[in-house]
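Undergrad: One structure, pasted below without further comment.
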2 protein chains.
Amino acid sequence: MAETKRSAGGMSDQRRERLRLEISREAARLFWEQGVAATGGDQIAEAVGLSTRTIWRHFRSKESCAEPIVMQGVVTLLSVLRSWPRESSLEDHLTAELNRLRQEAPPVSHADEMLAMQMIRLADTEPALRTAWLMACDQTERQLRSIIGGRLDRPEDDLDVRVHAAAAAAVIRVLDEHIGAAVLSGADLTEFSDVPELAGRFAQAIRTATGGVVGNPVA
Amino acid sequence: MAETKRSAGGMSDQRRERLRLEISREAARLFWEQGVAATGGDQIAEAVGLSTRTIWRHFRSKESCAEPIVMQGVVTLLSVLRSWPRESSLEDHLTAELNRLRQEAPPVSHADEMLAMQMIRLADTEPALRTAWLMACDQTERQLRSIIGGRLDRPEDDLDVRVHAAAAAAVIRVLDEHIGAAVLSGADLTEFSDVPELAGRFAQAIRTATGGVVGNPVA
DNA sequence: TTGTTGAATGTCACTAAGTGACATACTGTC
DNA sequence: GACAGTATGTCACTTAGTGACATTCAACAA
């Protein structure tokens, strides 16, 4: 299990995150295969090869085991937004970056993306998982605050920044839910393989939800 | 405990909601006074005068006991929006209705509003309560879908309608968090007693978040 | 009044989520 | 190789939450 080195003062954040993700993968697989209620902490622990006690050291509750894998569904978009240079428009940057990622090694595996979509789907009917999904989106929103705050040269706890971040996070969530549902229904995958079109939809939605404040290049 | 009559086929929804609210009030009070972790199901049950088993018949989890009271923080706005006539602008309708409510009997007591704010405040540091708050906002969003769908003459599961509803719900949530925090910090209550100003802020935020689609009168 | 019916509640035993405490194993440093 | 600190395992324990069945209560009918 030891794959990465530890830095001074405890387990490195990176290693901790990797482990959480590993647990999350197994938990999500079990949730999907047999339902949340039918999956126990013992079962998750056994699947990942740890003691049950250790699971609860890394997650505060059973449902929250789904959060990291569900986050994988938005980390790509989030990291792309973090590298958004001030002189580019949202559409241009998104299109360029998503195209680049399509060719290079993808940052998140296809299997993980499927698991994330399955969890979001389950969240539609299982209240326990819905809380996990909403908490993941809440994290997204907090990260968007610093991104948008930086872009507008304002503190990230500024009210307007928070309002814009919340609106942006909300539309990203709905689009994610929509795309996930479509993919899982066996819909045409090609519908979402047109990168400029997809990037345009996200960009346009964010631009609209923030009243045009987030989208244009800034001086 | 019997206060309302039962209609055919079980407890009336109204009576059920009243009971849930009553439980929620006691739970919220205890959560605020001694923390969520230190409050047990038995304690909530005793405070409201029911058996513990009955608490779990009405709520799926301890944290969810906070949802109804937290919802009270937005029901007023939501009911005002539901009565929004097509020929009015959002600003006009909000101002008129909030003014009317200020004079007539308020639909939700001041004590309940304080409890709601306290729960939202706690949600900032207690993950367990944050899930309850986010779930309450999720309910708000679903109701906004039908309101916005009706206004735009579109089905409520239409993608654009869902996107607009999500953005609107998100900004309402942030404004609520902001106002709640300000009130609890002992800030000037008069800052929020200027009805036209307050209505204008909500209206403007919703209008912006929906790209101007929600706000104007419709033919 | 009395009997009947159906839903809400109470009681109690039980499962499972989650924690505290302490022993052990691992990992990097000297 | 000894040392120090952290992660993990083990086990007892608390408490959230459920299932099953008895009881109470409100409405309605005879």
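Residue numbering restarts at 1 in every chain; chains get A, B, ... in the order shown in the structure tokens, and ligands count up from 1 in that same order.
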Taking only C-alpha atoms (C1' of nucleotides) into account, what are the residues of chain B at most 8 Å from chain D, put as a PyMOL selection string?
TA: chain B and resi 6+40-41+56+61-62
Undergrad: Just to be explicit: take each residue in the selection above, keep C-alpha atoms, and write the result as a compact mmCIF listing (two decimals), in the first residue's frame.
TA:
# COMPACT_ATOMS: atom_id res chain seq x y z
CA ARG B 6 -57.15 13.65 10.10
CA GLY B 40 -28.91 12.52 21.38
CA GLY B 41 -32.09 11.22 19.85
CA TRP B 56 -36.97 8.16 13.72
CA SER B 61 -31.30 10.90 10.66
CA LYS B 62 -30.38 13.13 13.56
Undergrad: Using only C-alpha atoms, determine which residues of chain B fall within 9 Å of chain A; present them as an NGL selection string.
TA: :B and (127 or 130-132 or 134-135 or 138 or 159 or 162-164 or 166-175 or 178 or 205 or 207-212)
Undergrad: In Å, with one decimal, what is the gap from CA of Thr52 (chain A) to CA of Asp42 (chain B)?
TA: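 Taking CA of Thr52 (chain A) as the start and CA of Asp42 (chain B) as the end point, the length is 27.3 Å.
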Undergrad: Name the residues in contact with region 72-87 of chain A at a cut-off of 6 Å, using only C-alpha atoms (C1' of nucleotides), excluding same-chain residues fewer than 6 positions from it; report them as a PyMOL selection string.
TA: chain A and resi 113+116+217-218
Undergrad: Once you have the residues from the selection above, write them out as a PDB file, in the first residue's frame, restricted to N, CA and C atoms.
TA:
ATOM      1  N   GLU A 113     -14.352   8.196 -13.897  1.00  0.00           N
ATOM      2  CA  GLU A 113     -15.421   9.076 -14.366  1.00  0.00           C
ATOM      3  C   GLU A 113     -16.758   8.344 -14.385  1.00  0.00           C
ATOM      4  N   ALA A 116     -18.035   8.085 -10.868  1.00  0.00           N
ATOM      5  CA  ALA A 116     -18.572   9.373 -10.421  1.00  0.00           C
ATOM      6  C   ALA A 116     -19.988   9.561 -10.956  1.00  0.00           C
ATOM      7  N   PRO A 217     -11.860  38.278 -20.819  1.00  0.00           N
ATOM      8  CA  PRO A 217     -10.503  38.588 -20.362  1.00  0.00           C
ATOM      9  C   PRO A 217     -10.563  39.802 -19.436  1.00  0.00           C
ATOM     10  N   VAL A 218      -9.624  39.866 -18.493  1.00  0.00           N
ATOM     11  CA  VAL A 218      -9.573  41.034 -17.614  1.00  0.00           C
ATOM     12  C   VAL A 218      -8.250  41.769 -17.810  1.00  0.00           C
TER      13      VAL A 218
END
Undergrad: Neighbouring residues of Cys65 (chain B) were defined as those with any atom within 9 Å, considering only C-alpha atoms (C1' of nucleotides); residues of the same chain fewer than 3 positions away were excluded. Please report them as a PyMOL selection string.
TA: chain B and resi 20-21+23-25+27-28+55+58-62+68-69+132
Undergrad: Keeping only C-alpha atoms, write the selected residues as an mmCIF file, in the first residue's frame.
TA:
data_model
loop_
_atom_site.group_PDB
_atom_site.id
_atom_site.type_symbol
_atom_site.label_atom_id
_atom_site.label_comp_id
_atom_site.auth_asym_id
_atom_site.auth_seq_id
_atom_site.Cartn_x
_atom_site.Cartn_y
_atom_site.Cartn_z
ATOM 1 C CA ARG B 20 -41.993 17.674 12.083
ATOM 2 C CA LEU B 21 -41.613 21.380 12.679
ATOM 3 C CA ILE B 23 -39.605 18.277 16.660
ATOM 4 C CA SER B 24 -37.271 20.378 14.568
ATOM 5 C CA ARG B 25 -37.660 23.351 16.888
ATOM 6 C CA ALA B 27 -33.750 19.699 18.060
ATOM 7 C CA ALA B 28 -32.442 23.015 16.787
ATOM 8 C CA ILE B 55 -38.522 10.638 16.143
ATOM 9 C CA HIS B 58 -40.399 11.268 11.123
ATOM 10 C CA PHE B 59 -36.722 11.860 10.380
ATOM 11 C CA ARG B 60 -34.228 9.630 8.594
ATOM 12 C CA SER B 61 -31.296 10.901 10.662
ATOM 13 C CA LYS B 62 -30.381 13.127 13.562
ATOM 14 C CA PRO B 68 -37.733 21.890 8.661
ATOM 15 C CA ILE B 69 -36.659 24.764 10.891
ATOM 16 C CA ALA B 132 -28.983 19.424 6.419
#
Undergrad: At a cut-off of 10 Å, which residues of chain C touch chain A? Count only C-alpha atoms (C1' of nucleotides) and give the answer as a PDB file with N, CA and C atoms (P, O5', C5', C4', C3', O3' and C1' of nucleotides), in the first residue's frame.
TA:
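part11.pdb written:
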ATOM      1  P    DA C  16     -26.240  -5.795  10.311  1.00  0.00           P
ATOM      2  O5'  DA C  16     -25.724  -4.303  10.465  1.00  0.00           O
ATOM      3  C5'  DA C  16     -26.544  -3.241   9.990  1.00  0.00           C
ATOM      4  C4'  DA C  16     -25.933  -1.932  10.400  1.00  0.00           C
ATOM      5  C3'  DA C  16     -24.432  -1.786  10.107  1.00  0.00           C
ATOM      6  O3'  DA C  16     -24.179  -0.445   9.749  1.00  0.00           O
ATOM      7  C1'  DA C  16     -24.797  -1.399  12.355  1.00  0.00           C
ATOM      8  P    DA C  17     -22.993  -0.049   8.819  1.00  0.00           P
ATOM      9  O5'  DA C  17     -22.734   1.463   9.270  1.00  0.00           O
ATOM     10  C5'  DA C  17     -23.855   2.343   9.334  1.00  0.00           C
ATOM     11  C4'  DA C  17     -23.582   3.419  10.364  1.00  0.00           C
ATOM     12  C3'  DA C  17     -22.245   4.129  10.222  1.00  0.00           C
ATOM     13  O3'  DA C  17     -22.423   5.488  10.601  1.00  0.00           O
ATOM     14  C1'  DA C  17     -22.360   3.129  12.338  1.00  0.00           C
ATOM     15  P    DG C  18     -21.471   6.582  10.001  1.00  0.00           P
ATOM     16  O5'  DG C  18     -20.360   6.661  11.140  1.00  0.00           O
ATOM     17  C5'  DG C  18     -20.776   7.318  12.315  1.00  0.00           C
ATOM     18  C4'  DG C  18     -19.901   6.959  13.471  1.00  0.00           C
ATOM     19  C3'  DG C  18     -18.417   7.274  13.338  1.00  0.00           C
ATOM     20  O3'  DG C  18     -18.151   8.430  14.112  1.00  0.00           O
ATOM     21  C1'  DG C  18     -18.842   5.317  14.606  1.00  0.00           C
ATOM     22  P    DT C  19     -16.689   8.934  14.461  1.00  0.00           P
ATOM     23  O5'  DT C  19     -16.421   8.287  15.900  1.00  0.00           O
ATOM     24  C5'  DT C  19     -17.337   8.548  16.937  1.00  0.00           C
ATOM     25  C4'  DT C  19     -16.736   8.182  18.283  1.00  0.00           C
ATOM     26  C3'  DT C  19     -15.294   8.628  18.516  1.00  0.00           C
ATOM     27  O3'  DT C  19     -15.178   9.087  19.849  1.00  0.00           O
ATOM     28  C1'  DT C  19     -15.432   6.302  18.783  1.00  0.00           C
ATOM     29  P    DC C  26       5.217  -4.116   9.361  1.00  0.00           P
ATOM     30  O5'  DC C  26       5.497  -2.683   8.741  1.00  0.00           O
ATOM     31  C5'  DC C  26       4.387  -1.908   8.279  1.00  0.00           C
ATOM     32  C4'  DC C  26       4.732  -0.426   8.361  1.00  0.00           C
ATOM     33  C3'  DC C  26       6.019  -0.027   7.614  1.00  0.00           C
ATOM     34  O3'  DC C  26       5.673   0.871   6.584  1.00  0.00           O
ATOM     35  C1'  DC C  26       5.879   0.986   9.751  1.00  0.00           C
ATOM     36  P    DT C  27       6.655   1.091   5.284  1.00  0.00           P
ATOM     37  O5'  DT C  27       6.964   2.658   5.313  1.00  0.00           O
ATOM     38  C5'  DT C  27       6.415   3.470   6.376  1.00  0.00           C
ATOM     39  C4'  DT C  27       7.255   4.731   6.546  1.00  0.00           C
ATOM     40  C3'  DT C  27       8.548   4.771   5.737  1.00  0.00           C
ATOM     41  O3'  DT C  27       8.802   6.113   5.363  1.00  0.00           O
ATOM     42  C1'  DT C  27       9.059   4.867   8.026  1.00  0.00           C
ATOM     43  P    DG C  28       9.804   6.436   4.098  1.00  0.00           P
ATOM     44  O5'  DG C  28      10.831   7.482   4.755  1.00  0.00           O
ATOM     45  C5'  DG C  28      10.323   8.722   5.198  1.00  0.00           C
ATOM     46  C4'  DG C  28      11.065   9.196   6.417  1.00  0.00           C
ATOM     47  C3'  DG C  28      12.534   9.598   6.175  1.00  0.00           C
ATOM     48  O3'  DG C  28      12.752  10.903   6.658  1.00  0.00           O
ATOM     49  C1'  DG C  28      12.360   8.167   8.043  1.00  0.00           C
TER      50       DG C  28
END
Undergrad: Write down as an MDAnalysis selection string the residues belonging to region 11-159 of chain A that are assigned helix (DSSP H, G or I) by DSSP computed on the backbone.
TA: chainID A and resid 13:34 41:48 52:58 63:82 90:103 110:122 127:152 159
Undergrad: For Leu129 (chain B), list every protein, DNA or RNA residue within 8 Å, evaluated using only C-alpha atoms (C1' of nucleotides), and leave out those in the same chain fewer than 5 positions away; present the list as a PyMOL selection string.
TA: chain B and resi 36+63-64+66+119-120+122-123
Undergrad: Save out the residues we just selected, C-alpha atoms, as an mmCIF file, in the first residue's frame.
TA:
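Contents of result_8.cif, as written:
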data_model
loop_
_atom_site.group_PDB
_atom_site.id
_atom_site.type_symbol
_atom_site.label_atom_id
_atom_site.label_comp_id
_atom_site.auth_asym_id
_atom_site.auth_seq_id
_atom_site.Cartn_x
_atom_site.Cartn_y
_atom_site.Cartn_z
ATOM 1 C CA VAL B 36 -24.902 18.483 17.618
ATOM 2 C CA GLU B 63 -29.035 15.943 11.415
ATOM 3 C CA SER B 64 -32.114 15.957 9.210
ATOM 4 C CA ALA B 66 -32.802 20.481 11.542
ATOM 5 C CA MET B 119 -28.599 26.435 12.390
ATOM 6 C CA ILE B 120 -27.157 28.031 9.273
ATOM 7 C CA LEU B 122 -23.673 26.111 12.957
ATOM 8 C CA ALA B 123 -23.610 24.621 9.482
#
